[in-house]
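Quick look at target-v1.txt (compact mmCIF, C-alpha atoms (C1' of nucleotides)):
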```
# COMPACT_ATOMS: atom_id res chain seq x y z
CA MET A 1 1.77 -17.69 8.26
CA PRO A 2 3.01 -17.45 11.76
CA GLU A 3 0.85 -19.36 14.21
CA LEU A 4 1.87 -20.61 17.65
CA PRO A 5 4.71 -22.96 16.53
CA GLU A 6 6.23 -20.36 14.20
CA VAL A 7 5.99 -17.60 16.83
CA GLN A 8 7.52 -19.90 19.47
CA THR A 9 10.36 -20.81 17.07
CA THR A 10 11.05 -17.11 16.56
CA VAL A 11 10.92 -16.39 20.30
CA ASN A 12 13.34 -19.25 21.00
CA GLY A 13 15.65 -17.75 18.37
CA LEU A 14 15.40 -14.29 19.92
CA ASN A 15 16.44 -15.70 23.29
CA GLU A 16 19.46 -17.30 21.57
CA THR A 17 20.56 -14.12 19.81
CA VAL A 18 19.54 -10.73 21.21
CA ILE A 19 19.55 -11.07 25.01
CA ASN A 20 21.74 -8.47 26.74
CA LYS A 21 22.22 -6.55 23.50
CA LYS A 22 21.95 -2.78 23.75
CA ILE A 23 19.89 -0.93 21.15
CA GLN A 24 21.93 1.68 19.29
CA SER A 25 19.45 2.86 16.65
CA LEU A 26 16.12 2.16 14.99
CA TRP A 27 15.07 2.40 11.35
CA SER A 28 11.69 1.93 9.71
CA ASP A 29 9.92 2.96 6.51
CA LEU A 30 6.49 2.26 7.98
CA PRO A 31 5.74 5.47 9.92
CA THR A 32 3.72 8.02 7.98
CA LYS A 33 2.14 11.18 9.25
CA ASN A 34 -1.26 10.78 10.92
CA HIS A 35 -1.60 7.08 10.36
CA SER A 36 -4.92 5.72 11.59
CA ARG A 37 -3.12 3.04 13.59
CA LYS A 38 -2.35 4.96 16.76
CA ASN A 39 -0.02 3.36 19.31
CA GLU A 40 1.77 1.52 16.52
CA ILE A 41 5.01 2.59 14.90
CA LYS A 42 3.08 3.12 11.66
CA ASP A 43 1.86 6.35 13.23
CA PHE A 44 4.52 9.01 12.88
CA SER A 45 4.12 10.64 16.29
CA PHE A 46 4.07 7.28 18.05
CA TRP A 47 7.25 6.28 16.20
CA ASN A 48 9.03 9.34 17.62
CA SER A 49 8.07 8.54 21.22
CA PHE A 50 8.84 4.85 20.60
CA LYS A 51 12.40 5.74 19.53
CA LYS A 52 12.95 7.93 22.61
CA LYS A 53 12.04 5.06 24.95
CA VAL A 54 13.73 2.22 23.08
CA VAL A 55 17.08 3.61 21.87
CA GLY A 56 19.70 2.96 24.57
CA ALA A 57 17.72 0.14 26.20
CA THR A 58 18.97 -3.43 26.65
CA ILE A 59 16.92 -6.54 25.81
CA THR A 60 16.35 -8.85 28.76
CA LEU A 61 13.87 -11.51 27.59
CA ALA A 62 11.63 -12.61 24.72
CA GLN A 63 8.27 -14.24 25.41
CA ARG A 64 5.20 -15.44 23.52
CA ARG A 65 1.51 -15.05 24.31
CA GLY A 66 -0.72 -16.63 21.70
CA LYS A 67 0.69 -15.33 18.43
CA ASN A 68 2.15 -12.19 20.05
CA ILE A 69 5.86 -11.63 20.65
CA LEU A 70 6.95 -9.68 23.73
CA ILE A 71 10.49 -8.32 23.80
CA GLU A 72 11.24 -7.09 27.31
CA LEU A 73 13.67 -4.23 27.88
CA HIS A 74 15.63 -3.50 31.05
CA ASN A 75 14.04 -0.04 31.35
CA GLY A 76 10.51 -1.20 32.14
CA PHE A 77 9.16 -1.22 28.59
CA THR A 78 8.20 -4.16 26.38
CA ILE A 79 8.13 -4.15 22.58
CA LEU A 80 5.03 -5.92 21.34
CA ILE A 81 5.15 -7.50 17.87
CA HIS A 82 2.45 -9.32 15.93
CA MET A 83 3.69 -10.89 12.68
CA LYS A 84 0.16 -11.27 11.25
CA MET A 85 0.35 -13.02 7.86
CA THR A 86 3.74 -12.49 6.29
CA GLY A 87 5.96 -11.12 9.07
CA HIS A 88 9.17 -12.64 10.33
CA LEU A 89 12.14 -11.52 12.43
CA MET A 90 15.73 -12.27 11.50
CA PHE A 91 19.03 -11.58 13.20
CA GLY A 92 22.47 -10.98 11.69
CA ASN A 93 24.95 -8.51 10.28
CA TYR A 94 22.76 -6.28 8.15
CA ARG A 95 23.55 -2.92 6.59
CA ARG A 96 21.68 -0.53 4.33
CA ALA A 97 21.98 -1.61 0.71
CA THR A 98 24.06 0.61 -1.56
CA LYS A 99 24.55 0.92 -5.32
CA ASP A 100 27.65 -1.31 -5.00
CA ASP A 101 25.43 -4.26 -4.08
CA GLY A 102 24.33 -4.27 -7.73
CA ARG A 103 20.64 -4.35 -6.97
CA PRO A 104 17.97 -1.75 -7.57
CA LYS A 105 17.50 0.31 -4.44
CA HIS A 106 13.74 -0.20 -4.39
CA SER A 107 14.04 -3.98 -4.27
CA TRP A 108 16.76 -4.43 -1.65
CA THR A 109 16.73 -1.98 1.24
CA TRP A 110 18.87 -3.96 3.68
CA TRP A 111 21.70 -6.32 2.94
CA SER A 112 23.60 -9.10 4.72
CA GLU A 113 26.79 -10.85 3.63
CA ALA A 114 25.55 -14.11 5.17
CA PRO A 115 24.28 -16.41 2.35
CA GLU A 116 21.35 -17.70 4.42
CA LEU A 117 20.19 -14.11 4.99
CA GLN A 118 20.18 -13.24 1.27
CA ASP A 119 16.51 -13.86 0.69
CA PRO A 120 14.30 -12.35 -2.04
CA PHE A 121 11.82 -11.41 0.69
CA ASN A 122 14.46 -9.08 2.17
CA ARG A 123 13.14 -6.31 -0.02
CA PHE A 124 10.21 -6.25 2.41
CA ILE A 125 12.31 -5.39 5.46
CA HIS A 126 10.40 -2.53 7.10
CA PHE A 127 11.84 -2.25 10.61
CA VAL A 128 15.41 -2.64 11.84
CA VAL A 129 16.87 -2.60 15.36
CA THR A 130 20.65 -2.09 15.29
CA PHE A 131 22.63 -2.99 18.39
CA THR A 132 25.81 -1.39 19.74
CA ASP A 133 27.87 -4.35 18.44
CA GLU A 134 26.55 -3.55 14.92
CA THR A 135 24.40 -6.67 14.62
CA SER A 136 20.74 -6.12 13.74
CA LEU A 137 17.30 -7.55 14.27
CA VAL A 138 15.14 -7.01 11.16
CA PHE A 139 11.39 -7.30 10.69
CA CYS A 140 10.45 -8.45 7.21
CA ASP A 141 6.78 -8.18 6.25
CA ALA A 142 5.66 -8.27 2.61
CA ARG A 143 2.07 -7.27 3.21
CA LYS A 144 2.77 -4.81 6.04
CA PHE A 145 -0.07 -6.25 8.15
CA GLY A 146 2.26 -6.73 11.09
CA SER A 147 2.08 -4.44 14.10
CA ILE A 148 4.78 -3.12 16.42
CA SER A 149 3.94 -1.23 19.59
CA LEU A 150 5.28 -0.52 23.07
CA VAL A 151 3.77 -1.19 26.51
CA GLU A 152 4.94 -0.84 30.09
CA SER A 153 6.20 -4.28 31.13
CA ASN A 154 4.07 -4.39 34.29
CA LYS A 155 0.96 -3.39 32.34
CA THR A 156 1.03 -5.82 29.44
CA TYR A 157 -2.35 -7.09 30.62
CA LEU A 158 -3.79 -3.75 29.52
CA ALA A 159 -2.55 -4.08 25.94
CA LYS A 160 -5.47 -4.47 23.59
CA SER A 161 -3.95 -7.42 21.73
CA LEU A 162 -3.20 -9.33 24.93
CA LYS A 163 -5.99 -8.66 27.39
CA SER A 164 -8.68 -10.57 25.52
CA LEU A 165 -6.58 -13.67 24.79
CA GLY A 166 -7.83 -17.04 25.96
CA PRO A 167 -5.50 -19.61 27.56
CA ASP A 168 -2.50 -20.57 25.48
CA ALA A 169 -3.06 -23.67 23.33
CA LEU A 170 0.28 -25.13 24.49
CA GLU A 171 -0.20 -24.42 28.18
CA ASP A 172 0.69 -27.60 30.09
CA GLU A 173 -2.12 -27.32 32.58
CA LEU A 174 -4.96 -27.13 30.07
CA PRO A 175 -7.13 -30.22 30.54
CA TRP A 176 -9.81 -31.25 28.05
CA LYS A 177 -12.59 -30.10 30.38
CA GLU A 178 -11.18 -26.60 30.39
CA ILE A 179 -10.98 -26.58 26.59
CA LYS A 180 -14.54 -27.88 26.39
CA THR A 181 -15.81 -25.17 28.76
CA ARG A 182 -14.00 -22.43 26.85
CA LEU A 183 -15.05 -23.53 23.36
CA MET A 184 -18.65 -24.18 24.45
CA LYS A 185 -18.98 -20.39 24.74
CA GLN A 186 -19.56 -20.56 20.98
CA LYS A 187 -21.47 -23.80 21.11
CA SER A 188 -23.39 -23.45 17.87
CA LYS A 189 -20.63 -22.15 15.61
CA ALA A 190 -18.53 -24.42 13.38
CA ILE A 191 -15.69 -25.96 15.40
CA LYS A 192 -13.30 -24.80 12.66
CA SER A 193 -14.18 -21.15 13.39
CA VAL A 194 -14.21 -21.67 17.16
CA LEU A 195 -10.64 -23.01 17.15
CA LEU A 196 -9.54 -19.82 15.38
CA ASP A 197 -11.09 -17.54 18.02
CA GLN A 198 -8.12 -16.18 20.00
CA THR A 199 -10.36 -15.10 22.89
CA LEU A 200 -11.34 -18.74 23.54
CA ILE A 201 -7.96 -20.41 22.98
CA ALA A 202 -4.85 -18.58 21.83
CA GLY A 203 -2.33 -19.55 19.17
CA ILE A 204 -4.20 -21.64 16.59
CA GLY A 205 -4.52 -20.38 13.00
CA ASN A 206 -5.85 -21.77 9.75
CA ILE A 207 -3.09 -24.32 9.09
CA TYR A 208 -3.06 -25.94 12.52
CA SER A 209 -6.85 -25.90 12.92
CA ASP A 210 -7.11 -28.02 9.75
CA GLU A 211 -4.40 -30.37 11.02
CA ILE A 212 -5.96 -30.64 14.50
CA LEU A 213 -9.41 -31.54 13.12
CA TRP A 214 -7.91 -34.08 10.70
CA LEU A 215 -6.06 -35.76 13.58
CA SER A 216 -9.09 -35.83 15.85
CA ASN A 217 -11.44 -37.19 13.11
CA ILE A 218 -13.82 -34.23 13.56
CA HIS A 219 -15.55 -32.55 10.61
CA PRO A 220 -14.93 -28.76 10.52
CA LEU A 221 -18.66 -27.99 10.39
CA ARG A 222 -19.48 -29.83 13.63
CA THR A 223 -20.42 -27.54 16.50
CA PRO A 224 -19.12 -27.69 20.09
CA SER A 225 -22.56 -28.64 21.41
CA GLU A 226 -22.50 -31.81 19.27
CA LEU A 227 -19.14 -33.10 20.49
CA SER A 228 -18.91 -36.04 22.90
CA ASP A 229 -16.46 -36.06 25.80
CA ILE A 230 -14.41 -38.63 23.88
CA GLU A 231 -14.17 -36.14 21.01
CA TRP A 232 -13.18 -33.29 23.35
CA LYS A 233 -10.38 -35.48 24.71
CA SER A 234 -9.32 -36.31 21.18
CA LEU A 235 -9.42 -32.65 20.16
CA THR A 236 -7.30 -31.67 23.16
CA ASN A 237 -4.79 -34.40 22.46
CA SER A 238 -4.64 -33.56 18.75
CA THR A 239 -4.06 -29.89 19.53
CA LYS A 240 -0.94 -30.74 21.52
CA ILE A 241 0.25 -33.21 18.88
CA ALA A 242 -0.23 -30.85 15.91
CA LEU A 243 1.40 -27.86 17.62
CA HIS A 244 4.34 -29.87 18.97
CA LYS A 245 4.83 -31.41 15.53
CA GLY A 246 4.89 -27.92 14.00
CA LEU A 247 7.49 -26.90 16.56
CA ALA A 248 9.57 -30.02 15.93
CA PHE A 249 9.62 -29.19 12.20
CA GLY A 250 10.77 -25.63 12.97
CA GLY A 251 7.45 -24.14 11.90
CA ASP A 252 5.63 -23.90 8.58
CA SER A 253 6.88 -21.95 5.56
CA THR A 254 3.91 -22.42 3.22
CA SER A 255 4.07 -18.63 2.98
CA ASP A 256 7.13 -16.50 3.77
CA TYR A 257 7.96 -17.60 7.31
CA ARG A 258 11.67 -17.65 8.17
CA ASN A 259 13.20 -18.31 11.57
CA ILE A 260 15.58 -15.90 13.28
CA TYR A 261 18.51 -17.33 11.25
CA GLY A 262 16.69 -16.83 7.93
CA LYS A 263 15.89 -20.53 7.50
CA HIS A 264 12.60 -22.07 6.31
CA GLY A 265 10.51 -24.22 8.59
CA GLU A 266 9.68 -27.70 7.27
CA PHE A 267 6.18 -28.39 8.59
CA HIS A 268 4.56 -27.64 5.21
CA HIS A 269 6.05 -30.92 3.97
CA ALA A 270 4.25 -32.79 6.74
CA HIS A 271 0.64 -31.61 6.33
CA ASN A 272 -2.20 -34.10 6.37
CA ALA A 273 -4.92 -31.68 5.33
CA TYR A 274 -3.95 -28.04 4.84
CA GLN A 275 -3.72 -27.15 1.12
CA LEU A 276 -3.88 -30.78 0.07
CA THR A 277 -7.17 -30.44 -1.86
CA GLY A 278 -7.69 -33.43 -4.16
CA LYS A 279 -4.96 -35.54 -2.55
CA LYS A 280 -5.61 -38.96 -1.08
CA CYS A 281 -6.21 -38.93 2.66
CA ASN A 282 -3.15 -40.12 4.61
CA LYS A 283 -5.14 -41.73 7.39
CA LYS A 284 -4.50 -45.43 7.73
CA ASN A 285 -7.15 -47.48 5.90
CA CYS A 286 -9.04 -44.32 4.87
CA LYS A 287 -10.16 -44.16 1.22
CA GLY A 288 -11.09 -40.48 1.37
CA THR A 289 -9.84 -37.46 -0.57
CA ILE A 290 -9.02 -34.07 0.94
CA GLN A 291 -11.59 -31.44 0.06
CA ARG A 292 -11.69 -27.69 0.47
CA ARG A 293 -14.64 -25.70 1.64
CA VAL A 294 -15.11 -22.17 2.96
CA VAL A 295 -16.15 -22.17 6.64
CA GLY A 296 -16.76 -18.85 8.36
CA GLY A 297 -14.96 -17.04 5.57
CA ARG A 298 -11.81 -19.18 5.84
CA SER A 299 -10.82 -22.17 3.72
CA ALA A 300 -11.05 -25.47 5.53
CA HIS A 301 -9.27 -28.58 4.20
CA PHE A 302 -10.50 -31.93 5.45
CA CYS A 303 -11.28 -35.54 4.64
CA GLY A 304 -15.03 -36.03 4.24
CA ILE A 305 -14.74 -39.75 5.00
CA HIS A 306 -12.95 -40.16 8.32
CA GLN A 307 -13.74 -36.68 9.70
CA LYS A 308 -17.30 -37.02 10.97
C1' DT B 1 -5.24 -9.34 -18.58
C1' DG B 2 -7.87 -9.57 -14.51
C1' DC B 3 -9.37 -11.34 -10.61
C1' DA B 4 -9.86 -14.77 -6.91
C1' DG B 5 -7.12 -16.60 -3.33
C1' DT B 6 -3.77 -16.42 0.57
C1' DG B 7 -4.01 -15.40 6.86
C1' DT B 8 -4.78 -12.36 10.82
C1' DT B 9 -7.05 -9.04 13.35
C1' DG B 10 -9.96 -5.28 14.30
C1' DC B 11 -13.30 -2.27 12.85
C1' DT B 12 -17.76 -1.25 10.59
C1' DT B 13 -22.26 -2.49 9.25
C1' DC B 14 -26.53 -4.66 9.48
C1' DC C 1 -25.87 -8.53 20.84
C1' DG C 2 -23.88 -11.39 17.10
C1' DA C 3 -22.68 -12.36 12.52
C1' DA C 4 -20.92 -10.89 8.27
C1' DG C 5 -18.06 -8.11 5.50
C1' DC C 6 -14.21 -5.48 4.73
C1' DA C 7 -9.72 -3.06 5.11
C1' DA C 8 -4.84 -3.22 5.85
C1' DC C 9 -1.11 -5.00 1.53
C1' DA C 10 1.45 -7.57 -2.08
C1' DC C 11 2.08 -11.26 -4.62
C1' DT C 12 0.74 -15.86 -6.98
C1' DG C 13 -1.77 -18.68 -9.97
C1' DC C 14 -5.36 -19.72 -12.99
```
As structure tokens, the full file:
Amino acid sequence: MPELPEVQTTVNGLNETVINKKIQSLWSDLPTKNHSRKNEIKDFSFWNSFKKKVVGATITLAQRRGKNILIELHNGFTILIHMKMTGHLMFGNYRRATKDDGRPKHSWTWWSEAPELQDPFNRFIHFVVTFTDETSLVFCDARKFGSISLVESNKTYLAKSLKSLGPDALEDELPWKEIKTRLMKQKSKAIKSVLLDQTLIAGIGNIYSDEILWLSNIHPLRTPSELSDIEWKSLTNSTKIALHKGLAFGGDSTSDYRNIYGKHGEFHHAHNAYQLTGKKCNKKNCKGTIQRRVVGGRSAHFCGIHQK
DNA sequence: TGCAGTGTTGCTTC
DNA sequence: CGAAGCAACACTGC
């Protein structure tokens, strides 16, 4: 489930692999006629105009805003990718699978000789950028929730998915007072839900919100209006710690996340709360047990003893 | 076997 | 207006 650390890991990988590569061709099995998602490649007519603008272009830079990936091209356009729940990008020597690969066509559309890129999830590759040197960037997305679109690079602020984003959760100059002011805009909602609101602060998802609240000793049902300044400072500090820890572990592969080289992240071995229902709380001297409870339609995992 | 659960976002409904 | 529910999709686990 790509959240800020996973998206940043992917963006770092893109900058290590695809910069200055020229796009030779595009393939996708997502576009269908008259898809309701206009301005995404899922819509057949958009896919045709997308190809016209992107084929022949050279990649100059990859960036992240919240959970969005921006791939800038030299020709003034930027490819916008959101991985949603199960998406991930991988780079390598891929080719269309053939009968000789010994696998049923329907379960293995693209193939790579590299052992680390031979992943069962590869049967969910739905979008492929092939470069002039015959390497490829593939987008793998089991549930097809991901979105791919195109914007003019100097008008990214107009893109629907970007214009309403709050400040980035990893922005260096984001003091606790700023976070307090932003999150107080939803002062009577559960803090768990408020942390997930991308318009208030961008990049936090369900995994890291659980970890942040566990670290800052705050119960997920507390509301912003109840928090003391000490707790706001703690929340701010914990946000940085949890996200940097996720980054240091190369992201979280609880679900199907892979980095650009096809490797798992390791953060799911380092959780203190997320999906640890029934486990003893790891907090020093805490006798609590992790419990699960639905908050604002999402599952929250927390320790009912030290999170108050 | 069947169905709840899994995350993210945006749209619809009340 | 805001909150709640649902759709997009596929697979896992009970």
note - CA of Asn39 (chain A) and CA of Leu80 (chain A) are separated by 10.8 Å
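Here the question is which of A:Cys303, A:Leu165, A:Cys286, A:Ile207 gets nearest to chain B using all atoms listed in the file, and that residue is A:Ile207.
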For DA10 (chain C), list every protein, DNA or RNA residue within 9 Å, evaluated using only C-alpha atoms (C1' of nucleotides), and leave out those in the same chain fewer than 5 positions away; present the list as an MDAnalysis selection string.
chainID A and resid 142:144
Interface, chain A side, toward chain B (7 Å; all atoms listed in the file) as a ChimeraX atom specification:
/A:1,84-85
Could you list, as an MDAnalysis selection string, every residue of chain A that has an atom within 10 Å of an atom of chain C, counting all atoms listed in the file?
chainID A and resid 86 124 141:146 296:297
Report the centre and edge lengths, in Å to one decimal, of an axis-aligned box enclosing every atom of region 2-10 of chain B listed in the file, padded by 4 Å on each side, as AutoDock Vina command-line options.
```
--center_x -6.9 --center_y -10.9 --center_z -0.1 --size_x 14.2 --size_y 19.3 --size_z 36.8
```
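Note that the spacing between CA of Thr58 (chain A) and CA of Glu72 (chain A) amounts to 8.6 Å.
CA of Lys67 (chain A) sits 28.6 Å away from CA of Asn282 (chain A).
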Within 12 Å of Arg37 (chain A) using all atoms listed in the file, minus same-chain residues under 2 positions, as a VMD selection string:
(chain A and resid 30 to 35 39 to 47 145 to 149) or (chain B and resid 10 to 11) or (chain C and resid 8)
Within 10 Å of Ile23 (chain A), counting only C-alpha atoms (C1' of nucleotides), which residues qualify if same-chain residues fewer than 4 places away don't, as JSON, numbers by chain?
{"A": [18, 54, 55, 56, 57, 58, 59, 73, 129, 130, 131, 132, 133, 134, 135, 136, 137]}
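Of the residues under consideration (A:Ile212, A:Trp176, A:His82, A:Gly66), A:Gly66 shows the shortest atom-to-atom contact distance to Ser164 (chain A) when counting all atoms listed in the file.
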Any idea what's packed within 6 Å of region 250-259 of chain A, counting all atoms listed in the file, ignoring anything in its chain fewer than 4 positions away? Could you give it as a PyMOL selection string?
chain A and resi 1+5-6+10+86+88+246+263-268
List the neighbours of Lys284 (chain A) out to 12 Å using all atoms listed in the file; skip same-chain residues closer than 5 positions along the sequence, and give me the result as an MDAnalysis selection string.
chainID A and resid 215 272 306
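With only C-alpha atoms as the atoms that count, the residue of A:Gln198, A:Gln63, A:Ser36, A:Thr17 with the shortest distance to Gly92 (chain A) is A:Thr17.
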